[in-house]
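Raw contents of protein-v5.cif, mmCIF, C-alpha atoms and all ligand atoms:
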```
data_start
loop_
_atom_site.group_PDB
_atom_site.id
_atom_site.type_symbol
_atom_site.label_atom_id
_atom_site.label_comp_id
_atom_site.auth_asym_id
_atom_site.auth_seq_id
_atom_site.Cartn_x
_atom_site.Cartn_y
_atom_site.Cartn_z
ATOM 1 C CA MET K 7 -39.864 -3.680 7.403
ATOM 2 C CA TRP K 8 -36.701 -5.757 7.647
ATOM 3 C CA GLY K 9 -33.741 -6.007 5.293
ATOM 4 C CA MET K 10 -30.106 -6.929 4.868
ATOM 5 C CA ILE K 11 -27.405 -5.907 2.415
ATOM 6 C CA ALA K 12 -23.896 -7.319 2.254
ATOM 7 C CA THR K 13 -20.700 -7.116 0.240
ATOM 8 C CA TRP K 14 -19.852 -9.907 -2.219
ATOM 9 C CA ARG K 15 -21.534 -13.043 -3.471
ATOM 10 C CA MET K 16 -19.975 -14.988 -0.578
ATOM 11 C CA ALA K 17 -22.472 -13.311 1.765
ATOM 12 C CA PHE K 18 -25.438 -14.915 0.003
ATOM 13 C CA GLU K 19 -25.888 -17.995 2.211
ATOM 14 C CA GLY K 20 -25.388 -15.877 5.321
ATOM 15 C CA VAL K 21 -27.853 -13.254 4.153
ATOM 16 C CA SER K 22 -30.370 -15.991 3.350
ATOM 17 C CA LYS K 23 -29.995 -17.353 6.866
ATOM 18 C CA GLY K 24 -30.255 -13.864 8.376
ATOM 19 C CA ALA K 25 -33.376 -13.220 6.309
ATOM 20 C CA GLU K 26 -35.051 -16.348 7.661
ATOM 21 C CA MET K 27 -34.233 -15.232 11.189
ATOM 22 C CA LEU K 28 -35.555 -11.712 10.608
ATOM 23 C CA GLU K 29 -38.733 -13.102 9.075
ATOM 24 C CA ALA K 30 -39.181 -15.237 12.210
ATOM 25 C CA GLY K 31 -38.805 -12.137 14.406
ATOM 26 C CA SER K 32 -35.100 -12.139 15.340
ATOM 27 C CA ASN K 33 -33.424 -8.847 16.088
ATOM 28 C CA ALA K 34 -30.835 -7.251 13.817
ATOM 29 C CA GLY K 35 -27.983 -8.101 16.228
ATOM 30 C CA ASP K 36 -28.615 -11.851 16.227
ATOM 31 C CA ALA K 37 -29.357 -11.932 12.493
ATOM 32 C CA VAL K 38 -26.217 -10.089 11.410
ATOM 33 C CA GLU K 39 -24.004 -12.156 13.721
ATOM 34 C CA ALA K 40 -25.452 -15.443 12.463
ATOM 35 C CA ALA K 41 -25.156 -14.283 8.850
ATOM 36 C CA ILE K 42 -21.482 -13.403 9.194
ATOM 37 C CA ARG K 43 -20.693 -16.599 11.096
ATOM 38 C CA GLU K 44 -22.056 -18.536 8.136
ATOM 39 C CA VAL K 45 -19.445 -16.879 5.895
ATOM 40 C CA GLU K 46 -16.668 -17.305 8.482
ATOM 41 C CA ASP K 47 -17.364 -21.022 8.760
ATOM 42 C CA PHE K 48 -17.313 -21.830 5.034
ATOM 43 C CA PRO K 49 -13.792 -23.101 4.254
ATOM 44 C CA TYR K 50 -13.819 -22.196 0.540
ATOM 45 C CA TYR K 51 -14.208 -18.441 1.048
ATOM 46 C CA LYS K 52 -10.579 -17.466 1.192
ATOM 47 C CA SER K 53 -10.848 -13.976 2.617
ATOM 48 C CA VAL K 54 -13.004 -14.487 5.712
ATOM 49 C CA GLY K 55 -12.704 -16.731 8.771
ATOM 50 C CA TYR K 56 -11.809 -20.413 8.412
ATOM 51 C CA GLY K 57 -9.839 -20.870 5.194
ATOM 52 C CA GLY K 58 -8.900 -17.175 5.055
ATOM 53 C CA LEU K 59 -5.568 -16.477 3.374
ATOM 54 C CA PRO K 60 -2.562 -15.913 5.616
ATOM 55 C CA ASN K 61 -0.202 -12.990 6.143
ATOM 56 C CA GLU K 62 3.380 -13.049 4.848
ATOM 57 C CA GLU K 63 4.411 -15.251 7.801
ATOM 58 C CA MET K 64 1.748 -17.809 6.895
ATOM 59 C CA GLU K 65 -0.472 -16.948 9.829
ATOM 60 C CA VAL K 66 -4.186 -16.219 9.514
ATOM 61 C CA GLU K 67 -4.838 -12.946 11.329
ATOM 62 C CA LEU K 68 -8.463 -11.852 11.322
ATOM 63 C CA ASP K 69 -10.261 -8.513 11.735
ATOM 64 C CA ALA K 70 -13.952 -8.186 12.634
ATOM 65 C CA ALA K 71 -16.403 -5.679 14.068
ATOM 66 C CA TYR K 72 -19.966 -5.200 15.205
ATOM 67 C CA MET K 73 -22.018 -2.036 15.779
ATOM 68 C CA ASP K 74 -25.419 -1.637 17.403
ATOM 69 C CA GLY K 75 -27.254 1.290 15.828
ATOM 70 C CA ASP K 76 -29.584 1.792 18.823
ATOM 71 C CA THR K 77 -26.891 2.349 21.444
ATOM 72 C CA LEU K 78 -23.951 3.092 19.087
ATOM 73 C CA ASP K 79 -22.050 0.335 20.919
ATOM 74 C CA VAL K 80 -19.026 -0.821 18.942
ATOM 75 C CA GLY K 81 -16.837 -3.864 19.448
ATOM 76 C CA ALA K 82 -13.923 -4.979 17.305
ATOM 77 C CA VAL K 83 -10.989 -7.357 17.141
ATOM 78 C CA ALA K 84 -7.956 -6.973 14.922
ATOM 79 C CA ALA K 85 -5.168 -9.362 13.963
ATOM 80 C CA ILE K 86 -6.713 -12.123 16.104
ATOM 81 C CA LYS K 87 -5.469 -15.678 15.541
ATOM 82 C CA ASP K 88 -6.897 -19.122 16.233
ATOM 83 C CA TYR K 89 -10.505 -18.246 17.045
ATOM 84 C CA ALA K 90 -13.370 -19.560 14.954
ATOM 85 C CA ASN K 91 -15.780 -16.631 14.841
ATOM 86 C CA PRO K 92 -14.226 -13.193 15.265
ATOM 87 C CA VAL K 93 -17.572 -11.459 14.649
ATOM 88 C CA SER K 94 -19.029 -13.046 17.784
ATOM 89 C CA ILE K 95 -16.045 -11.901 19.834
ATOM 90 C CA ALA K 96 -16.496 -8.389 18.406
ATOM 91 C CA ARG K 97 -20.174 -8.417 19.334
ATOM 92 C CA ARG K 98 -19.387 -9.583 22.838
ATOM 93 C CA LEU K 99 -16.838 -6.752 23.125
ATOM 94 C CA SER K 100 -19.421 -4.211 21.999
ATOM 95 C CA ARG K 101 -21.125 -4.652 25.363
ATOM 96 C CA GLU K 102 -18.035 -3.434 27.227
ATOM 97 C CA THR K 103 -17.909 0.257 28.062
ATOM 98 C CA VAL K 104 -14.114 0.301 27.893
ATOM 99 C CA ASN K 105 -11.621 -2.083 26.247
ATOM 100 C CA SER K 106 -14.098 -2.769 23.452
ATOM 101 C CA VAL K 107 -11.530 -2.843 20.645
ATOM 102 C CA LEU K 108 -8.791 -5.423 21.174
ATOM 103 C CA VAL K 109 -5.885 -6.539 19.016
ATOM 104 C CA GLY K 110 -3.753 -9.671 18.726
ATOM 105 C CA GLU K 111 -2.821 -11.384 21.937
ATOM 106 C CA GLY K 112 -5.149 -9.210 24.026
ATOM 107 C CA ALA K 113 -8.089 -10.155 21.839
ATOM 108 C CA GLU K 114 -7.143 -13.829 22.078
ATOM 109 C CA LYS K 115 -6.901 -13.660 25.880
ATOM 110 C CA PHE K 116 -10.350 -12.104 26.067
ATOM 111 C CA ALA K 117 -11.795 -14.717 23.718
ATOM 112 C CA HIS K 118 -10.240 -17.499 25.786
ATOM 113 C CA LYS K 119 -11.596 -16.102 29.046
ATOM 114 C CA GLU K 120 -15.063 -15.762 27.551
ATOM 115 C CA GLY K 121 -15.025 -19.353 26.293
ATOM 116 C CA PHE K 122 -15.030 -18.713 22.541
ATOM 117 C CA GLU K 123 -14.107 -21.644 20.300
ATOM 118 C CA ARG K 124 -10.407 -21.981 19.568
ATOM 119 C CA LYS K 125 -9.611 -23.257 16.100
ATOM 120 C CA ASN K 126 -6.641 -23.414 13.790
ATOM 121 C CA MET K 127 -7.930 -21.205 10.980
ATOM 122 C CA LEU K 128 -5.164 -22.071 8.489
ATOM 123 C CA THR K 129 -6.424 -24.726 6.077
ATOM 124 C CA ASP K 130 -4.356 -26.897 3.731
ATOM 125 C CA ARG K 131 -6.007 -25.075 0.861
ATOM 126 C CA ALA K 132 -4.899 -21.679 2.193
ATOM 127 C CA LYS K 133 -1.354 -23.070 2.610
ATOM 128 C CA ALA K 134 -1.441 -24.166 -1.036
ATOM 129 C CA PHE K 135 -2.460 -20.647 -2.142
ATOM 130 C CA TYR K 136 0.389 -19.269 -0.059
ATOM 131 C CA ARG K 137 2.983 -21.623 -1.578
ATOM 132 C CA LYS K 138 1.682 -20.907 -5.062
ATOM 133 C CA ARG K 139 1.968 -17.173 -4.529
ATOM 134 C CA ARG K 140 5.473 -17.513 -3.093
ATOM 135 C CA LYS K 141 6.542 -19.351 -6.221
ATOM 136 C CA GLU K 142 4.960 -16.751 -8.481
ATOM 137 C CA VAL K 143 6.896 -13.955 -6.803
ATOM 138 C CA ALA K 144 10.085 -15.936 -6.192
ATOM 139 C CA GLY K 145 13.055 -13.636 -5.750
ATOM 140 C CA GLN K 146 10.887 -10.523 -5.368
ATOM 141 C CA GLU K 147 9.790 -8.810 -2.227
ATOM 142 C CA LEU K 148 6.472 -10.174 -0.953
ATOM 143 C CA LYS K 149 3.675 -7.641 -1.246
ATOM 144 C CA PRO K 150 0.056 -7.837 -0.229
ATOM 145 C CA TYR K 151 -2.052 -8.287 -3.313
ATOM 146 C CA SER K 152 -5.614 -8.545 -4.406
ATOM 147 C CA GLY K 153 -6.442 -11.863 -2.721
ATOM 148 C CA HIS K 154 -8.850 -10.102 -0.401
ATOM 149 C CA ASP K 155 -12.541 -9.313 0.169
ATOM 150 C CA THR K 156 -14.378 -8.437 3.354
ATOM 151 C CA VAL K 157 -17.855 -9.525 4.222
ATOM 152 C CA GLY K 158 -19.560 -6.352 5.429
ATOM 153 C CA MET K 159 -23.265 -6.259 6.268
ATOM 154 C CA VAL K 160 -25.977 -3.852 7.274
ATOM 155 C CA CYS K 161 -29.113 -5.255 8.858
ATOM 156 C CA LEU K 162 -32.484 -3.695 9.734
ATOM 157 C CA ASP K 163 -35.091 -5.537 11.793
ATOM 158 C CA ASP K 164 -38.856 -5.148 12.095
ATOM 159 C CA GLY K 165 -38.414 -3.166 15.290
ATOM 160 C CA GLY K 166 -36.314 -0.527 13.477
ATOM 161 C CA LYS K 167 -32.941 -1.546 14.886
ATOM 162 C CA VAL K 168 -29.987 -1.194 12.503
ATOM 163 C CA THR K 169 -26.702 -3.081 12.952
ATOM 164 C CA ALA K 170 -23.518 -3.373 10.915
ATOM 165 C CA ALA K 171 -20.795 -6.003 11.086
ATOM 166 C CA THR K 172 -17.658 -7.035 9.205
ATOM 167 C CA SER K 173 -15.239 -9.956 9.070
ATOM 168 C CA THR K 174 -12.079 -10.465 7.015
ATOM 169 C CA SER K 175 -8.631 -12.003 6.818
ATOM 170 C CA GLY K 176 -7.547 -8.699 5.226
ATOM 171 C CA LEU K 177 -4.974 -8.528 2.483
ATOM 172 C CA PHE K 178 -3.298 -11.777 1.457
ATOM 173 C CA MET K 179 0.433 -11.579 2.284
ATOM 174 C CA LYS K 180 -0.086 -8.569 4.542
ATOM 175 C CA LYS K 181 2.511 -7.752 7.181
ATOM 176 C CA LYS K 182 1.998 -9.374 10.553
ATOM 177 C CA GLY K 183 -0.043 -6.948 12.648
ATOM 178 C CA ARG K 184 -1.467 -5.059 9.660
ATOM 179 C CA VAL K 185 -4.972 -3.767 10.363
ATOM 180 C CA GLY K 186 -7.355 -2.720 7.590
ATOM 181 C CA ASP K 187 -10.553 -0.679 7.637
ATOM 182 C CA SER K 188 -12.862 -3.542 8.602
ATOM 183 C CA PRO K 189 -12.497 -3.277 12.419
ATOM 184 C CA ILE K 190 -12.304 0.534 12.301
ATOM 185 C CA VAL K 191 -15.595 2.229 13.124
ATOM 186 C CA GLY K 192 -16.637 4.789 10.525
ATOM 187 C CA SER K 193 -14.335 3.318 7.884
ATOM 188 C CA GLY K 194 -15.311 -0.340 7.490
ATOM 189 C CA PHE K 195 -18.787 0.008 8.982
ATOM 190 C CA TYR K 196 -21.225 2.334 10.726
ATOM 191 C CA ALA K 197 -24.785 1.921 12.006
ATOM 192 C CA ASP K 198 -27.257 4.390 13.443
ATOM 193 C CA SER K 199 -30.834 3.177 13.909
ATOM 194 C CA LYS K 200 -32.093 6.748 13.464
ATOM 195 C CA VAL K 201 -30.615 6.786 9.953
ATOM 196 C CA GLY K 202 -29.243 3.496 8.577
ATOM 197 C CA GLY K 203 -25.900 1.817 8.088
ATOM 198 C CA ALA K 204 -23.035 1.287 5.646
ATOM 199 C CA SER K 205 -20.158 -1.147 5.192
ATOM 200 C CA ALA K 206 -17.078 -1.296 2.993
ATOM 201 C CA THR K 207 -14.764 -3.609 1.126
ATOM 202 C CA GLY K 208 -11.659 -2.856 -0.896
ATOM 203 C CA LEU K 209 -8.248 -1.457 -0.062
ATOM 204 C CA GLY K 210 -8.436 -0.700 3.654
ATOM 205 C CA GLU K 211 -5.602 1.808 3.567
ATOM 206 C CA ASP K 212 -7.615 3.943 1.098
ATOM 207 C CA LEU K 213 -11.105 3.343 2.529
ATOM 208 C CA MET K 214 -9.849 4.656 5.876
ATOM 209 C CA LYS K 215 -8.724 7.915 4.284
ATOM 210 C CA GLY K 216 -12.367 8.832 3.675
ATOM 211 C CA CYS K 217 -13.971 7.475 6.897
ATOM 212 C CA ILE K 218 -16.302 6.352 4.201
ATOM 213 C CA SER K 219 -18.952 4.308 6.017
ATOM 214 C CA TYR K 220 -19.581 7.171 8.418
ATOM 215 C CA GLU K 221 -19.635 9.607 5.513
ATOM 216 C CA ILE K 222 -22.388 7.610 3.809
ATOM 217 C CA VAL K 223 -24.501 7.463 6.968
ATOM 218 C CA ARG K 224 -23.941 11.203 7.411
ATOM 219 C CA LEU K 225 -25.151 11.854 3.860
ATOM 220 C CA MET K 226 -28.207 9.663 4.456
ATOM 221 C CA LYS K 227 -28.894 11.668 7.602
ATOM 222 C CA GLU K 228 -28.933 14.799 5.443
ATOM 223 C CA GLY K 229 -31.727 13.144 3.476
ATOM 224 C CA LEU K 230 -29.926 11.417 0.611
ATOM 225 C CA HIS K 231 -31.208 8.087 -0.647
ATOM 226 C CA PRO K 232 -28.653 5.313 0.134
ATOM 227 C CA GLN K 233 -27.830 5.013 -3.581
ATOM 228 C CA GLU K 234 -27.073 8.739 -3.872
ATOM 229 C CA ALA K 235 -25.114 8.693 -0.616
ATOM 230 C CA CYS K 236 -22.957 5.740 -1.707
ATOM 231 C CA GLU K 237 -22.244 7.192 -5.137
ATOM 232 C CA ARG K 238 -21.401 10.619 -3.820
ATOM 233 C CA ALA K 239 -19.047 9.320 -1.112
ATOM 234 C CA VAL K 240 -17.278 6.752 -3.313
ATOM 235 C CA ASN K 241 -16.874 9.067 -6.307
ATOM 236 C CA LEU K 242 -15.571 11.880 -4.152
ATOM 237 C CA LEU K 243 -13.027 9.719 -2.327
ATOM 238 C CA ASP K 244 -11.948 8.096 -5.596
ATOM 239 C CA ALA K 245 -11.451 11.532 -7.196
ATOM 240 C CA GLU K 246 -9.609 12.981 -4.193
ATOM 241 C CA LEU K 247 -7.234 10.036 -4.034
ATOM 242 C CA LYS K 248 -6.517 10.237 -7.759
ATOM 243 C CA GLU K 249 -5.956 13.995 -7.590
ATOM 244 C CA ARG K 250 -3.644 13.886 -4.589
ATOM 245 C CA ARG K 251 -1.935 10.518 -4.994
ATOM 246 C CA GLY K 252 -2.329 9.645 -8.663
ATOM 247 C CA LYS K 253 -4.349 6.519 -7.966
ATOM 248 C CA ALA K 254 -7.147 5.108 -5.843
ATOM 249 C CA GLY K 255 -7.421 1.582 -4.445
ATOM 250 C CA ASP K 256 -10.580 -0.514 -4.750
ATOM 251 C CA LEU K 257 -13.547 1.072 -2.962
ATOM 252 C CA SER K 258 -16.912 -0.712 -2.782
ATOM 253 C CA LEU K 259 -19.703 0.191 -0.383
ATOM 254 C CA VAL K 260 -23.175 -1.026 0.548
ATOM 255 C CA ALA K 261 -25.766 0.867 2.593
ATOM 256 C CA MET K 262 -29.350 0.586 3.816
ATOM 257 C CA ASN K 263 -31.502 3.203 5.522
ATOM 258 C CA ARG K 264 -34.072 2.701 8.260
ATOM 259 C CA GLU K 265 -36.847 2.365 5.685
ATOM 260 C CA GLY K 266 -35.095 -0.582 4.027
ATOM 261 C CA GLN K 267 -34.053 1.426 0.954
ATOM 262 C CA TRP K 268 -30.566 0.427 -0.136
ATOM 263 C CA GLY K 269 -27.680 1.503 -2.302
ATOM 264 C CA VAL K 270 -24.216 0.495 -3.502
ATOM 265 C CA ALA K 271 -21.278 2.149 -5.187
ATOM 266 C CA THR K 272 -17.943 0.928 -6.451
ATOM 267 C CA ASN K 273 -14.946 2.066 -8.458
ATOM 268 C CA ILE K 274 -14.208 -1.439 -9.784
ATOM 269 C CA GLU K 275 -15.700 -3.803 -12.360
ATOM 270 C CA GLY K 276 -17.646 -6.757 -11.078
ATOM 271 C CA PHE K 277 -18.455 -5.883 -7.496
ATOM 272 C CA SER K 278 -21.067 -8.391 -6.322
ATOM 273 C CA PHE K 279 -23.388 -7.957 -3.365
ATOM 274 C CA ALA K 280 -26.356 -9.675 -1.726
ATOM 275 C CA VAL K 281 -29.670 -8.170 -0.649
ATOM 276 C CA ALA K 282 -32.653 -9.580 1.248
ATOM 277 C CA LEU K 283 -35.829 -7.632 1.950
ATOM 278 C CA LYS K 284 -39.103 -8.550 3.587
ATOM 279 C CA GLY K 285 -41.387 -10.046 0.948
ATOM 280 C CA GLN K 286 -38.568 -10.703 -1.548
ATOM 281 C CA LYS K 287 -36.185 -13.603 -2.077
ATOM 282 C CA PRO K 288 -32.505 -12.921 -1.258
ATOM 283 C CA LYS K 289 -30.635 -11.997 -4.432
ATOM 284 C CA VAL K 290 -27.103 -11.471 -5.683
ATOM 285 C CA TYR K 291 -26.368 -8.498 -7.947
ATOM 286 C CA LEU K 292 -23.347 -7.416 -9.955
ATOM 287 C CA ALA K 293 -22.466 -3.734 -9.949
ATOM 288 C CA LYS K 294 -20.241 -1.455 -11.976
ATOM 289 C CA ARG K 295 -19.629 2.243 -12.286
ATOM 290 C CA GLY K 296 -20.677 3.889 -15.525
ATOM 291 C CA GLU K 297 -18.888 6.708 -17.362
ATOM 292 C CA ASP K 298 -21.151 9.232 -15.651
ATOM 293 C CA GLY K 299 -20.136 8.000 -12.189
ATOM 294 C CA ARG K 300 -23.512 6.380 -11.587
ATOM 295 C CA CYS K 301 -23.486 2.810 -10.399
ATOM 296 C CA THR K 302 -25.544 0.289 -12.342
ATOM 297 C CA PHE K 303 -26.306 -3.253 -11.299
ATOM 298 C CA GLU K 304 -28.120 -6.330 -12.472
ATOM 299 C CA GLU K 305 -29.096 -9.599 -10.866
ATOM 300 C CA ALA K 306 -26.437 -12.309 -11.231
ATOM 301 C CA SER K 307 -27.471 -15.042 -13.666
ATOM 302 C CA ARG K 308 -27.785 -18.648 -12.592
ATOM 303 C CA GLU K 309 -24.777 -19.407 -14.782
ATOM 304 C CA TRP K 310 -22.698 -16.774 -13.006
ATOM 305 C CA MET K 311 -23.724 -18.185 -9.613
ATOM 306 C CA GLU K 312 -22.778 -21.725 -10.606
ATOM 307 C CA ASP K 313 -19.507 -20.645 -12.134
ATOM 308 C CA TYR K 314 -18.678 -18.711 -8.964
ATOM 309 C CA MET K 315 -19.006 -21.797 -6.777
ATOM 310 C CA ARG K 316 -17.097 -23.945 -9.256
ATOM 311 C CA THR K 317 -14.130 -21.566 -9.218
ATOM 312 C CA ARG K 318 -14.201 -21.176 -5.451
ATOM 313 C CA MET K 319 -14.099 -24.930 -4.941
ATOM 314 C CA ALA K 320 -11.705 -25.875 -7.752
ATOM 315 C CA PRO K 321 -8.457 -27.561 -6.680
ATOM 316 C CA VAL K 322 -5.493 -25.194 -6.226
ATOM 317 C CA GLU K 323 -2.995 -25.759 -9.035
ATOM 318 C CA GLU K 324 0.433 -25.320 -7.483
HETATM 319 N N1 LIG Z 1 -10.933 -3.938 3.323
HETATM 320 C C1 LIG Z 1 -10.189 -5.117 3.632
HETATM 321 C C2 LIG Z 1 -8.852 -4.749 4.193
HETATM 322 O O1 LIG Z 1 -8.222 -3.826 3.709
HETATM 323 C C3 LIG Z 1 -10.014 -6.065 2.511
HETATM 324 C C4 LIG Z 1 -11.160 -6.156 1.537
HETATM 325 O O2 LIG Z 1 -12.269 -5.780 1.815
HETATM 326 O O3 LIG Z 1 -10.964 -6.621 0.421
HETATM 327 O O4 LIG Z 1 -8.402 -5.418 5.098
#
```

Could the structure of this file be written out as structure tokens, please?
Amino acid sequence: MWGMIATWRMAFEGVSKGAEMLEAGSNAGDAVEAAIREVEDFPYYKSVGYGGLPNEEMEVELDAAYMDGDTLDVGAVAAIKDYANPVSIARRLSRETVNSVLVGEGAEKFAHKEGFERKNMLTDRAKAFYRKRRKEVAGQELKPYSGHDTVGMVCLDDGGKVTAATSTSGLFMKKKGRVGDSPIVGSGFYADSKVGGASATGLGEDLMKGCISYEIVRLMKEGLHPQEACERAVNLLDAELKERRGKAGDLSLVAMNREGQWGVATNIEGFSFAVALKGQKPKVYLAKRGEDGRCTFEEASREWMEDYMRTRMAPVEE
């Protein structure tokens, strides 16, 4: 059995590529890396890789991670600038026994030494979004806002290996040096080939408070189906945050177990995700949380898919 699940519609092309690789016998490490690179390279996805939206100083600082569920190796980079594929740097770092999580300049030095591709990741389009936002909030203090989305994936190969990986430009207008959940093991991602994996998107500051990807894998280890595990973890964290702090940020999670069963949960409207499984075509679904706390989802219509691409590629009105 092989399978892949990933956050957001933007993962679809990557998941489709990963699925082809898995079908041809690739391992879950190569497939998840290639799938995320596909998203990083697409200039119109404004929250991951090339074309990602900048921080408040108009710099694109990227976070990414990789975890191997066989060995529990983890590698991550945070606030890295000017490198094309942070997920590949994270994967390379996962093979180090020490110094496997690097930030900023240290991460860039490592990437340079290892020969990774340098690239200016700030596109004209991202600059236009930045200028537009500045105008909208003229005179007010700049705050990070909802121009974000992480690509987070879990991948299972035919040999039973599970991997997880993430990549993001984090919150639009974030402070220089801000790090979200995506490169933090247990929060943004977790993989254990004996159980399965999980990955997150949403407000990093809140996702981290629940170590939520680890929590989902832990619940799956206790025997919960991925759907049950995701719902329980997301609903509990959402409720705890509301009780203690009066509000909860966006929390959306995907998970897959070692049998290829999968699940999702969210506390927002319109969370999209992509799934590929052996013997089935890759699909995009739209999820929402019902009154009873259960998460329901349906396959995205062709119209929704076309509209999505149209909006992503529309000119930026400044
Ligand atoms: N979780 C990411 C962060 O806080 C952003 C997102 O997934 O939307 O950096």

Per-residue nearest contacts chain K to ligand LIG 1 (chain Z), cut-off 6 Å, using only C-alpha atoms and all ligand atoms, as CSV:
```
residue,atom,partner,partner_atom,distance
K:His154,CA,Z:LIG1,O3,4.2
K:Asp155,CA,Z:LIG1,O3,3.1
K:Thr156,CA,Z:LIG1,O2,3.7
K:Gly176,CA,Z:LIG1,O4,3.4
K:Leu177,CA,Z:LIG1,O4,5.3
K:Gly186,CA,Z:LIG1,O4,3.8
K:Asp187,CA,Z:LIG1,N1,5.4
K:Ser188,CA,Z:LIG1,N1,5.6
K:Thr207,CA,Z:LIG1,O2,3.4
K:Gly208,CA,Z:LIG1,O2,4.0
K:Leu209,CA,Z:LIG1,O1,4.5
K:Gly210,CA,Z:LIG1,O1,3.1
```

Could you give me, as a VMD selection string, the residues within 7 Å of Val223 (chain K), counting all atoms listed in the file and dropping anything in the same chain fewer than 4 positions from it? chain K and resid 201 to 204 219 227

May I have the residues within 7 Å of region 35-43 of chain K as a compact mmCIF listing (two decimals) with C-alpha atoms, in the coordinates of the input, using all atoms listed in the file and disregarding those fewer than 3 positions away in the same chain?
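Final output, saved to out-v3.txt:
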```txt
# COMPACT_ATOMS: atom_id res chain seq x y z
CA GLY K 20 -25.39 -15.88 5.32
CA VAL K 21 -27.85 -13.25 4.15
CA LYS K 23 -30.00 -17.35 6.87
CA GLY K 24 -30.26 -13.86 8.38
CA MET K 27 -34.23 -15.23 11.19
CA LEU K 28 -35.56 -11.71 10.61
CA SER K 32 -35.10 -12.14 15.34
CA GLU K 46 -16.67 -17.30 8.48
CA ASP K 47 -17.36 -21.02 8.76
CA ASN K 91 -15.78 -16.63 14.84
CA VAL K 93 -17.57 -11.46 14.65
CA SER K 94 -19.03 -13.05 17.78
CA CYS K 161 -29.11 -5.26 8.86
CA THR K 169 -26.70 -3.08 12.95
CA ALA K 171 -20.80 -6.00 11.09
```

Applied to this file, what does the PyMOL selection byres (((chain K and resi 122) around 10) and not hetatm) return in terms of residues, put as a short mmCIF file (atom, residue, chain, number, x, y, z; two decimals) with C-alpha atoms, keeping the file's coordinate frame?
```cif
data_model
loop_
_atom_site.label_atom_id
_atom_site.label_comp_id
_atom_site.auth_asym_id
_atom_site.auth_seq_id
_atom_site.Cartn_x
_atom_site.Cartn_y
_atom_site.Cartn_z
CA TYR K 89 -10.50 -18.25 17.05
CA ALA K 90 -13.37 -19.56 14.95
CA ASN K 91 -15.78 -16.63 14.84
CA PRO K 92 -14.23 -13.19 15.26
CA SER K 94 -19.03 -13.05 17.78
CA ILE K 95 -16.05 -11.90 19.83
CA GLU K 114 -7.14 -13.83 22.08
CA PHE K 116 -10.35 -12.10 26.07
CA ALA K 117 -11.80 -14.72 23.72
CA HIS K 118 -10.24 -17.50 25.79
CA LYS K 119 -11.60 -16.10 29.05
CA GLU K 120 -15.06 -15.76 27.55
CA GLY K 121 -15.02 -19.35 26.29
CA GLU K 123 -14.11 -21.64 20.30
CA ARG K 124 -10.41 -21.98 19.57
CA LYS K 125 -9.61 -23.26 16.10
#
```

How would you write, as a list of chain:residue names, the residues chosen by the PyMOL selection byres (((chain K and resi 86) around 6) and not hetatm) on this structure?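 Those residues are K:Glu67, K:Leu68, K:Ala84, K:Ala85, K:Lys87, K:Gly110.
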
Please produce a file of those selected residues containing C-alpha atoms, as a compact mmCIF listing (two decimals), in the frame of the given file.
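Saved to part21.txt:
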```
# COMPACT_ATOMS: atom_id res chain seq x y z
CA GLU K 67 -4.84 -12.95 11.33
CA LEU K 68 -8.46 -11.85 11.32
CA ALA K 84 -7.96 -6.97 14.92
CA ALA K 85 -5.17 -9.36 13.96
CA LYS K 87 -5.47 -15.68 15.54
CA GLY K 110 -3.75 -9.67 18.73
```

Measure the distance from CA of Ala17 (chain K) to CA of Thr77 (chain K) in Å and round it to one decimal.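 These two atoms are separated by 25.5 Å.
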
Would you write out, as a count of residues only, every residue that the PyMOL selection byres (((chain K and resi 281) around 9) and not hetatm) captures in this file? 17

Between CA of Ala235 (chain K) and CA of Ile222 (chain K), measure the distance and give it in Å to one decimal.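 So the two atoms, CA of Ala235 (chain K) and CA of Ile222 (chain K), lie 5.3 Å apart.
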
Separation of CA of Asn33 (chain K) and CA of Thr172 (chain K), in Å?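 Computing the Euclidean distance for CA of Asn33 (chain K) and CA of Thr172 (chain K) yields 17.3 Å.
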
Quick one: of K:Val240, K:Asp198, K:Arg139, K:Glu234, who's nearest to Ile218 (chain K), counting only C-alpha atoms?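 Between K:Val240, K:Asp198, K:Arg139, K:Glu234, the residue approaching Ile218 (chain K) most closely is K:Val240.
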
Please determine the residues with any atom at most 12 Å from (-15.9, -16.3, -0.3) (coordinates as given in the file, with all atoms listed in the file counting) and report them as a PyMOL selection string. chain K and resi 13-20+42+44-59+153-157+173-175+278-279+314-319

Of the candidates K:Asp256, K:Glu249, K:Glu323, K:Glu312, which one gets nearest to Met214 (chain K) if we count all atoms listed in the file?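 That would be K:Asp256, the residue with the smallest distance to Met214 (chain K).
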
Take region 127-131 of chain K from the block and save it with N, CA and C atoms, as a compact mmCIF listing (two decimals), in the first residue's frame.
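Just written: decode_8.txt:
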```
# COMPACT_ATOMS: atom_id res chain seq x y z
N MET K 127 14.28 34.62 -3.80
CA MET K 127 12.93 34.04 -3.71
C MET K 127 11.83 35.10 -3.72
N LEU K 128 12.23 36.38 -3.73
CA LEU K 128 11.23 37.46 -3.72
C LEU K 128 10.85 37.82 -5.15
N THR K 129 9.61 37.55 -5.52
CA THR K 129 9.17 37.84 -6.88
C THR K 129 8.53 39.23 -6.95
N ASP K 130 8.38 39.74 -8.17
CA ASP K 130 7.72 41.04 -8.34
C ASP K 130 6.28 40.97 -7.83
N ARG K 131 5.67 39.83 -8.05
CA ARG K 131 4.29 39.63 -7.59
C ARG K 131 4.20 39.73 -6.05
```
